[in-house]
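Novice: Right, I'll just put the structure down here and ask away after.
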Amino acid sequence: MQVVYYHWLLFTHPKTPFFAKTLFLAAIFYVFTPFDIVVDMIPWLGQADDIAVVLIFFNKAKQLIPESVVQECKITASTRYPDIISRQ
């Protein structure tokens, strides 16, 4: 849940550039559209391209966001949803 909240904070932050927000939306849109690079009917491979597009687009979007915003969102997300592993 922490990762989802972290990306939501990055997307909604006022200092996040418009193009970074566009990349986040494009990645989510790609997952839910019926048009794919590799057809989802092919087992595993069809879902793998969805995951690859999301990872590539999200990583590129995070590169465009100022480091201060990234750090602020990480702290906020980890405070709200502490990592389960770190509590053990």
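Residue numbers start at 1 in each chain; chains themselves are named A, B, ... in the order of the structure tokens; ligands are numbered from 1 in the order shown.
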Skipping near chain neighbours, those fewer than 6 positions away, what residues fall within 12 Å of A:Val70 using only C-alpha atoms, listed as a compact mmCIF listing (two decimals) with C-alpha atoms, in the first residue's frame?

Specialist:
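The file below, selection.txt, is the result:
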```txt
# COMPACT_ATOMS: atom_id res chain seq x y z
CA TYR A 6 3.84 7.15 -2.63
CA HIS A 7 3.09 7.27 -6.35
CA TRP A 8 -0.24 8.96 -5.67
CA LEU A 9 1.57 11.63 -3.66
CA LEU A 10 4.06 12.13 -6.50
CA PHE A 11 1.22 12.43 -9.02
CA THR A 12 -0.81 14.91 -6.98
CA HIS A 13 2.07 17.06 -5.71
CA LYS A 15 5.53 20.74 -7.93
CA THR A 16 5.37 17.61 -10.07
CA ASN A 59 10.82 5.49 -13.64
CA ALA A 61 8.37 10.21 -14.59
CA LYS A 62 10.30 10.00 -11.30
CA GLN A 63 13.45 11.23 -13.08
CA LEU A 64 11.57 14.37 -14.10
CA THR A 76 5.02 11.11 3.92
CA ALA A 77 4.24 7.65 2.51
```

Novice: Excluding A:Gln2 and residues on its chain fewer than 5 positions from it, collect all residues at most 8 Å away from it, counting only C-alpha atoms, and give them as a PDB file with C-alpha atoms, in the first residue's frame.

Specialist:
```
ATOM      1  CA  ALA A  77       4.241   7.652   2.512  1.00  0.00           C
ATOM      2  CA  SER A  78       6.507   5.842   4.967  1.00  0.00           C
ATOM      3  CA  ARG A  80       1.423   7.000   6.852  1.00  0.00           C
ATOM      4  CA  TYR A  81       2.063   3.362   5.871  1.00  0.00           C
ATOM      5  CA  PRO A  82       5.162   2.073   7.676  1.00  0.00           C
ATOM      6  CA  ASP A  83       6.948  -0.733   5.905  1.00  0.00           C
TER       7      ASP A  83
END
```

Novice: One decimal, in Å: what's the spacing between atom CA of A:Ala48 and atom CA of A:Glu67?

Specialist: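 Result for atom CA of A:Ala48 versus atom CA of A:Glu67: 29.2 Å, one decimal.
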
Novice: How many Å lie between atom CA of A:Leu23 and atom CA of A:Val54, rounded to one decimal?

Specialist: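 Computed distance, atom CA of A:Leu23 to atom CA of A:Val54, equals 9.2 Å.
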
Novice: Which is closest to A:Val31 among A:Gln71, A:Pro14, A:Leu45, A:Ile51, if we use only C-alpha atoms?

Specialist: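 The shortest atom-to-atom distance to A:Val31 comes from A:Ile51.
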
Novice: Could you state the separation of atom CA of A:Ile65 and atom CA of A:Pro17 in Å, given to one decimal place?

Specialist: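 Answer for the atom CA of A:Ile65 to atom CA of A:Pro17 separation: 6.5 Å.
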
Novice: Skipping near chain neighbours, those fewer than 2 positions away, what residues fall within 12 Å of A:Asp50 using only C-alpha atoms, listed as a PyMOL selection string?

Specialist: chain A and resi 26-40+44-48+52-57

Novice: Could you pull out the helix (DSSP H, G or I) residues of chain A, going by DSSP on the backbone, and write them as a PyMOL selection string?

Specialist: chain A and resi 2-12+18-32+45-64+67-80+85-87
